[in-house]
$ cat model.cif   # mmCIF, N, CA and C atoms
data_work
loop_
_atom_site.label_atom_id
_atom_site.label_comp_id
_atom_site.auth_asym_id
_atom_site.auth_seq_id
_atom_site.Cartn_x
_atom_site.Cartn_y
_atom_site.Cartn_z
N MET Z 18 0.28 14.85 15.64
CA MET Z 18 -0.92 14.09 15.43
C MET Z 18 -0.71 12.62 15.80
N ARG Z 19 0.51 12.14 15.64
CA ARG Z 19 0.77 10.75 16.01
C ARG Z 19 0.51 10.51 17.49
N TYR Z 20 0.89 11.47 18.31
CA TYR Z 20 0.69 11.31 19.74
C TYR Z 20 -0.80 11.35 20.08
N PHE Z 21 -1.54 12.24 19.46
CA PHE Z 21 -2.98 12.28 19.70
C PHE Z 21 -3.64 10.99 19.21
N TYR Z 22 -3.15 10.46 18.10
CA TYR Z 22 -3.65 9.17 17.62
C TYR Z 22 -3.43 8.11 18.69
N TYR Z 23 -2.24 8.09 19.26
CA TYR Z 23 -1.93 7.10 20.29
C TYR Z 23 -2.84 7.27 21.50
N LYS Z 24 -3.07 8.51 21.94
CA LYS Z 24 -3.91 8.75 23.10
C LYS Z 24 -5.36 8.31 22.83
N ILE Z 25 -5.87 8.59 21.65
CA ILE Z 25 -7.21 8.15 21.29
C ILE Z 25 -7.26 6.63 21.25
N TYR Z 26 -6.24 6.02 20.67
CA TYR Z 26 -6.15 4.56 20.61
C TYR Z 26 -6.18 3.95 22.02
N LYS Z 27 -5.41 4.52 22.95
CA LYS Z 27 -5.38 4.00 24.32
C LYS Z 27 -6.73 4.14 24.99
N LEU Z 28 -7.42 5.26 24.77
CA LEU Z 28 -8.75 5.44 25.35
C LEU Z 28 -9.73 4.40 24.80
N LEU Z 29 -9.66 4.15 23.50
CA LEU Z 29 -10.55 3.18 22.89
C LEU Z 29 -10.18 1.75 23.27
N LEU Z 30 -8.91 1.50 23.50
CA LEU Z 30 -8.45 0.17 23.89
C LEU Z 30 -9.02 -0.23 25.24
N ASN Z 31 -9.21 0.74 26.12
CA ASN Z 31 -9.75 0.46 27.45
C ASN Z 31 -11.25 0.24 27.45
N LYS Z 32 -11.92 0.53 26.35
CA LYS Z 32 -13.36 0.30 26.26
C LYS Z 32 -13.60 -1.15 25.85
N ASP Z 33 -14.60 -1.78 26.44
CA ASP Z 33 -14.88 -3.18 26.16
C ASP Z 33 -15.57 -3.39 24.81
N ASN Z 34 -16.30 -2.40 24.33
CA ASN Z 34 -17.12 -2.58 23.14
C ASN Z 34 -16.44 -2.14 21.84
N THR Z 35 -15.16 -1.78 21.87
CA THR Z 35 -14.48 -1.33 20.66
C THR Z 35 -13.83 -2.52 19.98
N ASN Z 36 -14.28 -2.82 18.77
CA ASN Z 36 -13.75 -3.97 18.04
C ASN Z 36 -12.37 -3.70 17.46
N ASP Z 37 -12.18 -2.55 16.88
CA ASP Z 37 -10.92 -2.23 16.22
C ASP Z 37 -10.46 -0.84 16.63
N PRO Z 38 -9.77 -0.71 17.76
CA PRO Z 38 -9.37 0.61 18.23
C PRO Z 38 -8.38 1.30 17.30
N VAL Z 39 -7.62 0.53 16.52
CA VAL Z 39 -6.66 1.12 15.59
C VAL Z 39 -7.39 1.92 14.52
N LEU Z 40 -8.41 1.33 13.93
CA LEU Z 40 -9.18 2.00 12.88
C LEU Z 40 -10.06 3.11 13.45
N HIS Z 41 -10.70 2.85 14.57
CA HIS Z 41 -11.59 3.85 15.16
C HIS Z 41 -10.82 5.09 15.62
N ALA Z 42 -9.61 4.89 16.12
CA ALA Z 42 -8.79 6.04 16.52
C ALA Z 42 -8.44 6.89 15.30
N LEU Z 43 -8.16 6.24 14.18
CA LEU Z 43 -7.86 6.98 12.95
C LEU Z 43 -9.08 7.78 12.49
N VAL Z 44 -10.25 7.17 12.54
CA VAL Z 44 -11.47 7.87 12.10
C VAL Z 44 -11.76 9.07 13.01
N LEU Z 45 -11.62 8.89 14.32
CA LEU Z 45 -11.86 10.00 15.23
C LEU Z 45 -10.86 11.13 15.02
N LEU Z 46 -9.61 10.79 14.75
CA LEU Z 46 -8.60 11.81 14.47
C LEU Z 46 -8.95 12.57 13.20
N ILE Z 47 -9.40 11.87 12.17
CA ILE Z 47 -9.78 12.51 10.92
C ILE Z 47 -10.99 13.43 11.12
N VAL Z 48 -11.94 13.01 11.95
CA VAL Z 48 -13.10 13.86 12.24
C VAL Z 48 -12.66 15.16 12.91
N LEU Z 49 -11.76 15.05 13.89
CA LEU Z 49 -11.26 16.26 14.56
C LEU Z 49 -10.50 17.16 13.59
N GLN Z 50 -9.68 16.57 12.75
CA GLN Z 50 -8.96 17.36 11.76
C GLN Z 50 -9.94 18.01 10.78
N GLY Z 51 -10.98 17.29 10.42
CA GLY Z 51 -12.00 17.85 9.52
C GLY Z 51 -12.70 19.05 10.13
N LEU Z 52 -12.99 18.97 11.43
CA LEU Z 52 -13.59 20.12 12.11
C LEU Z 52 -12.66 21.32 12.05
N ASN Z 53 -11.36 21.08 12.23
CA ASN Z 53 -10.39 22.17 12.17
C ASN Z 53 -10.34 22.79 10.77
N VAL Z 54 -10.33 21.95 9.76
CA VAL Z 54 -10.28 22.45 8.38
C VAL Z 54 -11.54 23.23 8.05
N TYR Z 55 -12.71 22.71 8.44
CA TYR Z 55 -13.96 23.45 8.18
C TYR Z 55 -13.99 24.78 8.92
N SER Z 56 -13.41 24.83 10.10
CA SER Z 56 -13.34 26.11 10.84
C SER Z 56 -12.49 27.11 10.07
N ILE Z 57 -11.37 26.66 9.54
CA ILE Z 57 -10.51 27.54 8.75
C ILE Z 57 -11.23 27.99 7.48
N ILE Z 58 -11.93 27.07 6.83
CA ILE Z 58 -12.69 27.42 5.63
C ILE Z 58 -13.76 28.45 5.95
N ASP Z 59 -14.43 28.29 7.10
CA ASP Z 59 -15.45 29.27 7.50
C ASP Z 59 -14.86 30.65 7.70
N ILE Z 60 -13.69 30.72 8.31
CA ILE Z 60 -13.03 32.02 8.53
C ILE Z 60 -12.67 32.64 7.19
N ILE Z 61 -12.07 31.87 6.31
CA ILE Z 61 -11.69 32.38 4.98
C ILE Z 61 -12.93 32.82 4.21
N ASP Z 62 -13.97 31.99 4.25
CA ASP Z 62 -15.21 32.30 3.53
C ASP Z 62 -15.86 33.57 4.07
N TYR Z 63 -15.77 33.79 5.36
CA TYR Z 63 -16.37 34.99 5.97
C TYR Z 63 -15.68 36.26 5.47
N PHE Z 64 -14.36 36.24 5.41
CA PHE Z 64 -13.63 37.45 5.02
C PHE Z 64 -13.53 37.63 3.51
N VAL Z 65 -13.46 36.55 2.76
CA VAL Z 65 -13.25 36.65 1.32
C VAL Z 65 -14.55 36.48 0.54
N LYS Z 66 -15.58 35.95 1.17
CA LYS Z 66 -16.89 35.72 0.55
C LYS Z 66 -16.77 34.85 -0.70
N LEU Z 67 -16.13 33.70 -0.53
CA LEU Z 67 -15.94 32.79 -1.66
C LEU Z 67 -17.18 31.96 -1.98
N GLU Z 68 -18.04 31.78 -0.98
CA GLU Z 68 -19.20 30.89 -1.16
C GLU Z 68 -18.72 29.54 -1.67
N ILE Z 69 -17.72 29.01 -1.01
CA ILE Z 69 -17.03 27.80 -1.46
C ILE Z 69 -17.97 26.61 -1.60
N TYR Z 70 -18.74 26.36 -0.59
CA TYR Z 70 -19.51 25.13 -0.58
C TYR Z 70 -20.99 25.38 -0.34
N SER Z 71 -21.54 26.31 -1.05
CA SER Z 71 -22.94 26.64 -0.83
C SER Z 71 -23.87 25.49 -1.23
N ASN Z 72 -23.68 24.92 -2.39
CA ASN Z 72 -24.54 23.83 -2.85
C ASN Z 72 -23.81 22.49 -2.92
N LEU Z 73 -22.59 22.46 -2.50
CA LEU Z 73 -21.79 21.25 -2.65
C LEU Z 73 -21.34 20.67 -1.31
N ASN Z 74 -22.17 20.77 -0.28
CA ASN Z 74 -21.77 20.33 1.05
C ASN Z 74 -21.32 18.89 1.10
N VAL Z 75 -22.08 17.98 0.50
CA VAL Z 75 -21.73 16.56 0.55
C VAL Z 75 -20.46 16.30 -0.23
N LEU Z 76 -20.35 16.87 -1.41
CA LEU Z 76 -19.15 16.67 -2.22
C LEU Z 76 -17.92 17.23 -1.53
N CYS Z 77 -18.03 18.43 -0.95
CA CYS Z 77 -16.90 19.02 -0.22
C CYS Z 77 -16.52 18.17 0.98
N GLY Z 78 -17.51 17.62 1.68
CA GLY Z 78 -17.24 16.75 2.81
C GLY Z 78 -16.49 15.50 2.40
N LEU Z 79 -16.89 14.89 1.30
CA LEU Z 79 -16.20 13.70 0.80
C LEU Z 79 -14.78 14.01 0.35
N ILE Z 80 -14.60 15.13 -0.34
CA ILE Z 80 -13.28 15.53 -0.78
C ILE Z 80 -12.38 15.79 0.43
N LEU Z 81 -12.92 16.46 1.43
CA LEU Z 81 -12.15 16.73 2.64
C LEU Z 81 -11.78 15.44 3.35
N PHE Z 82 -12.73 14.50 3.46
CA PHE Z 82 -12.46 13.24 4.14
C PHE Z 82 -11.35 12.47 3.42
N VAL Z 83 -11.42 12.38 2.11
CA VAL Z 83 -10.39 11.66 1.35
C VAL Z 83 -9.06 12.38 1.45
N THR Z 84 -9.08 13.71 1.40
CA THR Z 84 -7.85 14.49 1.52
C THR Z 84 -7.18 14.27 2.87
N LEU Z 85 -7.96 14.12 3.92
CA LEU Z 85 -7.39 13.85 5.24
C LEU Z 85 -7.05 12.38 5.42
N LEU Z 86 -7.80 11.50 4.79
CA LEU Z 86 -7.59 10.06 4.94
C LEU Z 86 -6.26 9.61 4.36
N VAL Z 87 -5.92 10.08 3.19
CA VAL Z 87 -4.73 9.60 2.50
C VAL Z 87 -3.45 9.86 3.31
N PRO Z 88 -3.15 11.09 3.72
CA PRO Z 88 -1.91 11.27 4.50
C PRO Z 88 -1.96 10.60 5.87
N ASN Z 89 -3.14 10.57 6.49
CA ASN Z 89 -3.24 9.89 7.78
C ASN Z 89 -3.04 8.38 7.63
N TYR Z 90 -3.52 7.83 6.56
CA TYR Z 90 -3.30 6.40 6.31
C TYR Z 90 -1.82 6.12 6.10
N ILE Z 91 -1.17 6.97 5.30
CA ILE Z 91 0.24 6.75 4.98
C ILE Z 91 1.13 6.93 6.21
N TYR Z 92 0.91 8.01 6.95
CA TYR Z 92 1.84 8.35 8.03
C TYR Z 92 1.43 7.81 9.40
N ILE Z 93 0.18 7.47 9.59
CA ILE Z 93 -0.26 7.01 10.91
C ILE Z 93 -0.72 5.56 10.87
N PHE Z 94 -1.72 5.26 10.05
CA PHE Z 94 -2.32 3.93 10.09
C PHE Z 94 -1.34 2.83 9.71
N ARG Z 95 -0.56 3.06 8.67
CA ARG Z 95 0.41 2.04 8.26
C ARG Z 95 1.52 1.85 9.29
N ASN Z 96 1.77 2.87 10.09
CA ASN Z 96 2.84 2.81 11.09
C ASN Z 96 2.30 2.73 12.51
N HIS Z 97 1.09 2.27 12.68
CA HIS Z 97 0.48 2.30 14.01
C HIS Z 97 1.25 1.45 15.03
N ASN Z 98 1.83 0.35 14.60
CA ASN Z 98 2.61 -0.46 15.55
C ASN Z 98 3.83 0.29 16.08
N GLU Z 99 4.50 1.02 15.21
CA GLU Z 99 5.66 1.82 15.64
C GLU Z 99 5.23 2.96 16.56
N ILE Z 100 4.10 3.58 16.27
CA ILE Z 100 3.60 4.67 17.10
C ILE Z 100 3.25 4.14 18.49
N ILE Z 101 2.56 3.01 18.54
CA ILE Z 101 2.19 2.42 19.82
C ILE Z 101 3.43 2.03 20.61
N LYS Z 102 4.40 1.46 19.94
CA LYS Z 102 5.63 1.05 20.62
C LYS Z 102 6.39 2.27 21.15
N ARG Z 103 6.38 3.36 20.39
CA ARG Z 103 7.12 4.55 20.78
C ARG Z 103 6.57 5.19 22.06
N TYR Z 104 5.26 5.24 22.19
CA TYR Z 104 4.65 5.94 23.32
C TYR Z 104 4.18 5.00 24.43
N LYS Z 105 4.34 3.72 24.26
CA LYS Z 105 3.82 2.74 25.21
C LYS Z 105 4.38 2.91 26.62
N ASN Z 106 5.63 3.24 26.74
CA ASN Z 106 6.28 3.31 28.05
C ASN Z 106 6.48 4.74 28.53
N GLU Z 107 5.54 5.62 28.24
CA GLU Z 107 5.69 7.00 28.67
C GLU Z 107 5.48 7.10 30.18
N ALA Z 108 6.10 8.08 30.77
CA ALA Z 108 6.01 8.29 32.21
C ALA Z 108 4.59 8.71 32.60
N ARG Z 109 4.27 8.51 33.87
CA ARG Z 109 2.93 8.83 34.36
C ARG Z 109 2.61 10.31 34.16
N GLU Z 110 3.56 11.17 34.44
CA GLU Z 110 3.34 12.61 34.27
C GLU Z 110 3.09 12.95 32.80
N ASP Z 111 3.84 12.33 31.90
CA ASP Z 111 3.64 12.56 30.47
C ASP Z 111 2.27 12.06 30.03
N ARG Z 112 1.83 10.93 30.60
CA ARG Z 112 0.50 10.40 30.29
C ARG Z 112 -0.59 11.38 30.69
N ILE Z 113 -0.44 11.96 31.88
CA ILE Z 113 -1.44 12.91 32.37
C ILE Z 113 -1.47 14.16 31.50
N TRP Z 114 -0.29 14.73 31.21
CA TRP Z 114 -0.23 15.92 30.37
C TRP Z 114 -0.71 15.63 28.95
N GLY Z 115 -0.43 14.43 28.46
CA GLY Z 115 -0.91 14.05 27.13
C GLY Z 115 -2.42 13.96 27.09
N PHE Z 116 -3.02 13.41 28.14
CA PHE Z 116 -4.48 13.33 28.22
C PHE Z 116 -5.09 14.72 28.29
N ILE Z 117 -4.48 15.60 29.07
CA ILE Z 117 -4.97 16.98 29.17
C ILE Z 117 -4.86 17.67 27.81
N GLY Z 118 -3.75 17.46 27.11
CA GLY Z 118 -3.57 18.04 25.78
C GLY Z 118 -4.61 17.53 24.80
N LEU Z 119 -4.87 16.23 24.83
CA LEU Z 119 -5.89 15.66 23.95
C LEU Z 119 -7.27 16.21 24.28
N LEU Z 120 -7.58 16.29 25.56
CA LEU Z 120 -8.86 16.82 25.98
C LEU Z 120 -9.04 18.27 25.52
N LEU Z 121 -8.00 19.08 25.68
CA LEU Z 121 -8.07 20.47 25.22
C LEU Z 121 -8.23 20.55 23.70
N TYR Z 122 -7.50 19.72 22.98
CA TYR Z 122 -7.59 19.70 21.52
C TYR Z 122 -9.02 19.37 21.07
N VAL Z 123 -9.61 18.36 21.70
CA VAL Z 123 -10.98 17.97 21.34
C VAL Z 123 -11.96 19.08 21.68
N LEU Z 124 -11.87 19.61 22.89
CA LEU Z 124 -12.80 20.66 23.31
C LEU Z 124 -12.67 21.92 22.47
N VAL Z 125 -11.45 22.34 22.20
CA VAL Z 125 -11.24 23.56 21.39
C VAL Z 125 -11.72 23.33 19.96
N SER Z 126 -11.42 22.17 19.39
CA SER Z 126 -11.84 21.89 18.01
C SER Z 126 -13.35 21.93 17.88
N ILE Z 127 -14.04 21.27 18.79
CA ILE Z 127 -15.51 21.22 18.73
C ILE Z 127 -16.10 22.60 19.02
N THR Z 128 -15.59 23.28 20.03
CA THR Z 128 -16.12 24.59 20.40
C THR Z 128 -15.93 25.60 19.27
N VAL Z 129 -14.73 25.67 18.73
CA VAL Z 129 -14.46 26.63 17.65
C VAL Z 129 -15.35 26.33 16.45
N PHE Z 130 -15.51 25.06 16.11
CA PHE Z 130 -16.34 24.69 14.97
C PHE Z 130 -17.77 25.19 15.15
N PHE Z 131 -18.36 24.95 16.31
CA PHE Z 131 -19.75 25.34 16.51
C PHE Z 131 -19.91 26.85 16.74
N VAL Z 132 -18.96 27.46 17.41
CA VAL Z 132 -19.05 28.91 17.63
C VAL Z 132 -18.90 29.65 16.30
N LEU Z 133 -17.95 29.24 15.49
CA LEU Z 133 -17.81 29.88 14.17
C LEU Z 133 -19.03 29.63 13.30
N GLY Z 134 -19.58 28.43 13.38
CA GLY Z 134 -20.77 28.11 12.59
C GLY Z 134 -21.95 28.97 12.97
N GLU Z 135 -22.08 29.31 14.23
CA GLU Z 135 -23.19 30.15 14.68
C GLU Z 135 -22.96 31.62 14.41
N THR Z 136 -21.73 32.10 14.58
CA THR Z 136 -21.49 33.54 14.49
C THR Z 136 -21.17 34.02 13.09
N LEU Z 137 -20.55 33.20 12.27
CA LEU Z 137 -20.14 33.67 10.95
C LEU Z 137 -21.19 33.43 9.88
N LYS Z 138 -22.15 32.61 10.12
CA LYS Z 138 -23.16 32.33 9.09
C LYS Z 138 -24.37 33.20 9.25
#

$ encode --input "model.cif" --output "structure tokens"
Amino acid sequence: MRYFYYKIYKLLLNKDNTNDPVLHALVLLIVLQGLNVYSIIDIIDYFVKLEIYSNLNVLCGLILFVTLLVPNYIYIFRNHNEIIKRYKNEAREDRIWGFIGLLLYVLVSITVFFVLGETLK
């Protein structure tokens, strides 16, 4: 996740209108992780019929956000300078493969989330 954080940070750094790419990269990473967790919850809910969040959508969303925020803040946001320094001088080929990996991660996360939402509900 640190590498994906770095790749998102670099993409946001190149945009002229991003005020704080460090914080925005963290938020985008948490959103992607949240989509992954909700996809897993949907799969579990489909097979086990827990009805986990039938009337508590907002509360579950807040709990999930805080649950993802705390470890990401501790391990990524507080160490963002070290992460940036570690990956700053990566080779061109590694940069390309990293971008492809990030693109696949984003596309798969979003696609799985919406496909599961349509088919399992």

$ residues_around --input "model.cif" --residues "stretch 18-34 of chain Z" --least-positions-apart "3" --cutoff "6.5 Å" --atoms "all atoms listed in the file" --output "VMD selection string"
chain Z and resid 38 to 39 42 to 43 46 93 100 to 101 119

$ closest_residue --input "model.cif" --among "Z:Phe116, Z:Gly51, Z:Leu45, Z:Phe130" --to "Z:Leu81" --atoms "all atoms listed in the file"
Z:Gly51

$ residues_near_point --input "model.cif" --point "(-15.9, 19.4, 8.8)" --cutoff "10 Å" --atoms "only C-alpha atoms" --output "compact mmCIF listing (two decimals) with N, CA and C atoms, in the coordinates of the input"
# COMPACT_ATOMS: atom_id res chain seq x y z
N ILE Z 47 -9.40 11.87 12.17
CA ILE Z 47 -9.78 12.51 10.92
C ILE Z 47 -10.99 13.43 11.12
N VAL Z 48 -11.94 13.01 11.95
CA VAL Z 48 -13.10 13.86 12.24
C VAL Z 48 -12.66 15.16 12.91
N LEU Z 49 -11.76 15.05 13.89
CA LEU Z 49 -11.26 16.26 14.56
C LEU Z 49 -10.50 17.16 13.59
N GLN Z 50 -9.68 16.57 12.75
CA GLN Z 50 -8.96 17.36 11.76
C GLN Z 50 -9.94 18.01 10.78
N GLY Z 51 -10.98 17.29 10.42
CA GLY Z 51 -12.00 17.85 9.52
C GLY Z 51 -12.70 19.05 10.13
N LEU Z 52 -12.99 18.97 11.43
CA LEU Z 52 -13.59 20.12 12.11
C LEU Z 52 -12.66 21.32 12.05
N ASN Z 53 -11.36 21.08 12.23
CA ASN Z 53 -10.39 22.17 12.17
C ASN Z 53 -10.34 22.79 10.77
N VAL Z 54 -10.33 21.95 9.76
CA VAL Z 54 -10.28 22.45 8.38
C VAL Z 54 -11.54 23.23 8.05
N TYR Z 55 -12.71 22.71 8.44
CA TYR Z 55 -13.96 23.45 8.18
C TYR Z 55 -13.99 24.78 8.92
N SER Z 56 -13.41 24.83 10.10
CA SER Z 56 -13.34 26.11 10.84
C SER Z 56 -12.49 27.11 10.07
N ILE Z 57 -11.37 26.66 9.54
CA ILE Z 57 -10.51 27.54 8.75
C ILE Z 57 -11.23 27.99 7.48
N ILE Z 58 -11.93 27.07 6.83
CA ILE Z 58 -12.69 27.42 5.63
C ILE Z 58 -13.76 28.45 5.95
N ASP Z 59 -14.43 28.29 7.10
CA ASP Z 59 -15.45 29.27 7.50
C ASP Z 59 -14.86 30.65 7.70
N ASN Z 74 -22.17 20.77 -0.28
CA ASN Z 74 -21.77 20.33 1.05
C ASN Z 74 -21.32 18.89 1.10
N CYS Z 77 -18.03 18.43 -0.95
CA CYS Z 77 -16.90 19.02 -0.22
C CYS Z 77 -16.52 18.17 0.98
N GLY Z 78 -17.51 17.62 1.68
CA GLY Z 78 -17.24 16.75 2.81
C GLY Z 78 -16.49 15.50 2.40
N LEU Z 79 -16.89 14.89 1.30
CA LEU Z 79 -16.20 13.70 0.80
C LEU Z 79 -14.78 14.01 0.35
N LEU Z 81 -12.92 16.46 1.43
CA LEU Z 81 -12.15 16.73 2.64
C LEU Z 81 -11.78 15.44 3.35
N PHE Z 82 -12.73 14.50 3.46
CA PHE Z 82 -12.46 13.24 4.14
C PHE Z 82 -11.35 12.47 3.42
N PHE Z 130 -15.51 25.06 16.11
CA PHE Z 130 -16.34 24.69 14.97
C PHE Z 130 -17.77 25.19 15.15

$ select_by_dssp --input "model.cif" --residues "stretch 21-110 of chain Z" --states "helix (DSSP H, G or I)" --output "ChimeraX atom specification"
/Z:21-30,38-65,74-94,97-104,109-110

$ atom_distance --input "model.cif" --atom1 "atom CA of Z:Val123" --atom2 "atom CA of Z:His41"
15.4 Å

$ axis_aligned_box --input "model.cif" --around "stretch 113-128 of chain Z" --padding-each-side "4 Å" --output "AutoDock Vina command-line options"
--center_x -8.2 --center_y 18.8 --center_z 25.1 --size_x 23.9 --size_y 21.6 --size_z 22.5

$ atom_distance --input "model.cif" --atom1 "atom CA of Z:Glu135" --atom2 "atom C of Z:Tyr122"
18.9 Å

$ atom_distance --input "model.cif" --atom1 "atom CA of Z:Leu86" --atom2 "atom N of Z:Lys105"
23.6 Å

$ decode --input "model.cif" --residues "stretch 48-70 of chain Z" --atoms "N, CA and C atoms" --output "PDB file, in the first residue's frame"
ATOM      1  N   VAL Z  48     -10.246   5.429   0.328  1.00  0.00           N
ATOM      2  CA  VAL Z  48     -11.469   5.174  -0.444  1.00  0.00           C
ATOM      3  C   VAL Z  48     -11.350   3.856  -1.203  1.00  0.00           C
ATOM      4  N   LEU Z  49     -10.206   3.625  -1.843  1.00  0.00           N
ATOM      5  CA  LEU Z  49     -10.009   2.362  -2.566  1.00  0.00           C
ATOM      6  C   LEU Z  49     -10.032   1.171  -1.615  1.00  0.00           C
ATOM      7  N   GLN Z  50      -9.389   1.306  -0.475  1.00  0.00           N
ATOM      8  CA  GLN Z  50      -9.407   0.226   0.507  1.00  0.00           C
ATOM      9  C   GLN Z  50     -10.824  -0.001   1.019  1.00  0.00           C
ATOM     10  N   GLY Z  51     -11.575   1.070   1.201  1.00  0.00           N
ATOM     11  CA  GLY Z  51     -12.965   0.941   1.643  1.00  0.00           C
ATOM     12  C   GLY Z  51     -13.814   0.192   0.633  1.00  0.00           C
ATOM     13  N   LEU Z  52     -13.598   0.461  -0.656  1.00  0.00           N
ATOM     14  CA  LEU Z  52     -14.314  -0.283  -1.693  1.00  0.00           C
ATOM     15  C   LEU Z  52     -13.989  -1.767  -1.606  1.00  0.00           C
ATOM     16  N   ASN Z  53     -12.727  -2.087  -1.350  1.00  0.00           N
ATOM     17  CA  ASN Z  53     -12.329  -3.490  -1.234  1.00  0.00           C
ATOM     18  C   ASN Z  53     -12.994  -4.151  -0.026  1.00  0.00           C
ATOM     19  N   VAL Z  54     -13.015  -3.455   1.092  1.00  0.00           N
ATOM     20  CA  VAL Z  54     -13.628  -4.018   2.297  1.00  0.00           C
ATOM     21  C   VAL Z  54     -15.126  -4.205   2.095  1.00  0.00           C
ATOM     22  N   TYR Z  55     -15.797  -3.218   1.499  1.00  0.00           N
ATOM     23  CA  TYR Z  55     -17.236  -3.367   1.238  1.00  0.00           C
ATOM     24  C   TYR Z  55     -17.518  -4.515   0.281  1.00  0.00           C
ATOM     25  N   SER Z  56     -16.638  -4.739  -0.679  1.00  0.00           N
ATOM     26  CA  SER Z  56     -16.813  -5.877  -1.597  1.00  0.00           C
ATOM     27  C   SER Z  56     -16.726  -7.190  -0.835  1.00  0.00           C
ATOM     28  N   ILE Z  57     -15.771  -7.289   0.077  1.00  0.00           N
ATOM     29  CA  ILE Z  57     -15.637  -8.500   0.890  1.00  0.00           C
ATOM     30  C   ILE Z  57     -16.859  -8.672   1.791  1.00  0.00           C
ATOM     31  N   ILE Z  58     -17.333  -7.583   2.373  1.00  0.00           N
ATOM     32  CA  ILE Z  58     -18.528  -7.653   3.222  1.00  0.00           C
ATOM     33  C   ILE Z  58     -19.729  -8.107   2.410  1.00  0.00           C
ATOM     34  N   ASP Z  59     -19.851  -7.613   1.168  1.00  0.00           N
ATOM     35  CA  ASP Z  59     -20.967  -8.036   0.311  1.00  0.00           C
ATOM     36  C   ASP Z  59     -20.916  -9.530   0.023  1.00  0.00           C
ATOM     37  N   ILE Z  60     -19.723 -10.045  -0.231  1.00  0.00           N
ATOM     38  CA  ILE Z  60     -19.582 -11.485  -0.503  1.00  0.00           C
ATOM     39  C   ILE Z  60     -19.961 -12.287   0.733  1.00  0.00           C
ATOM     40  N   ILE Z  61     -19.458 -11.891   1.889  1.00  0.00           N
ATOM     41  CA  ILE Z  61     -19.779 -12.595   3.137  1.00  0.00           C
ATOM     42  C   ILE Z  61     -21.274 -12.506   3.419  1.00  0.00           C
ATOM     43  N   ASP Z  62     -21.841 -11.320   3.246  1.00  0.00           N
ATOM     44  CA  ASP Z  62     -23.266 -11.113   3.508  1.00  0.00           C
ATOM     45  C   ASP Z  62     -24.125 -11.955   2.566  1.00  0.00           C
ATOM     46  N   TYR Z  63     -23.697 -12.119   1.342  1.00  0.00           N
ATOM     47  CA  TYR Z  63     -24.455 -12.909   0.368  1.00  0.00           C
ATOM     48  C   TYR Z  63     -24.518 -14.380   0.779  1.00  0.00           C
ATOM     49  N   PHE Z  64     -23.399 -14.928   1.218  1.00  0.00           N
ATOM     50  CA  PHE Z  64     -23.357 -16.349   1.555  1.00  0.00           C
ATOM     51  C   PHE Z  64     -23.859 -16.651   2.962  1.00  0.00           C
ATOM     52  N   VAL Z  65     -23.646 -15.746   3.904  1.00  0.00           N
ATOM     53  CA  VAL Z  65     -23.999 -16.014   5.294  1.00  0.00           C
ATOM     54  C   VAL Z  65     -25.314 -15.347   5.685  1.00  0.00           C
ATOM     55  N   LYS Z  66     -25.780 -14.404   4.901  1.00  0.00           N
ATOM     56  CA  LYS Z  66     -27.036 -13.677   5.158  1.00  0.00           C
ATOM     57  C   LYS Z  66     -27.025 -13.009   6.532  1.00  0.00           C
ATOM     58  N   LEU Z  67     -25.979 -12.232   6.786  1.00  0.00           N
ATOM     59  CA  LEU Z  67     -25.858 -11.560   8.075  1.00  0.00           C
ATOM     60  C   LEU Z  67     -26.717 -10.304   8.181  1.00  0.00           C
ATOM     61  N   GLU Z  68     -27.047  -9.719   7.036  1.00  0.00           N
ATOM     62  CA  GLU Z  68     -27.762  -8.430   7.043  1.00  0.00           C
ATOM     63  C   GLU Z  68     -27.011  -7.442   7.932  1.00  0.00           C
ATOM     64  N   ILE Z  69     -25.725  -7.346   7.698  1.00  0.00           N
ATOM     65  CA  ILE Z  69     -24.828  -6.571   8.557  1.00  0.00           C
ATOM     66  C   ILE Z  69     -25.231  -5.109   8.646  1.00  0.00           C
ATOM     67  N   TYR Z  70     -25.455  -4.499   7.531  1.00  0.00           N
ATOM     68  CA  TYR Z  70     -25.641  -3.059   7.547  1.00  0.00           C
ATOM     69  C   TYR Z  70     -26.923  -2.641   6.841  1.00  0.00           C
TER      70      TYR Z  70
END
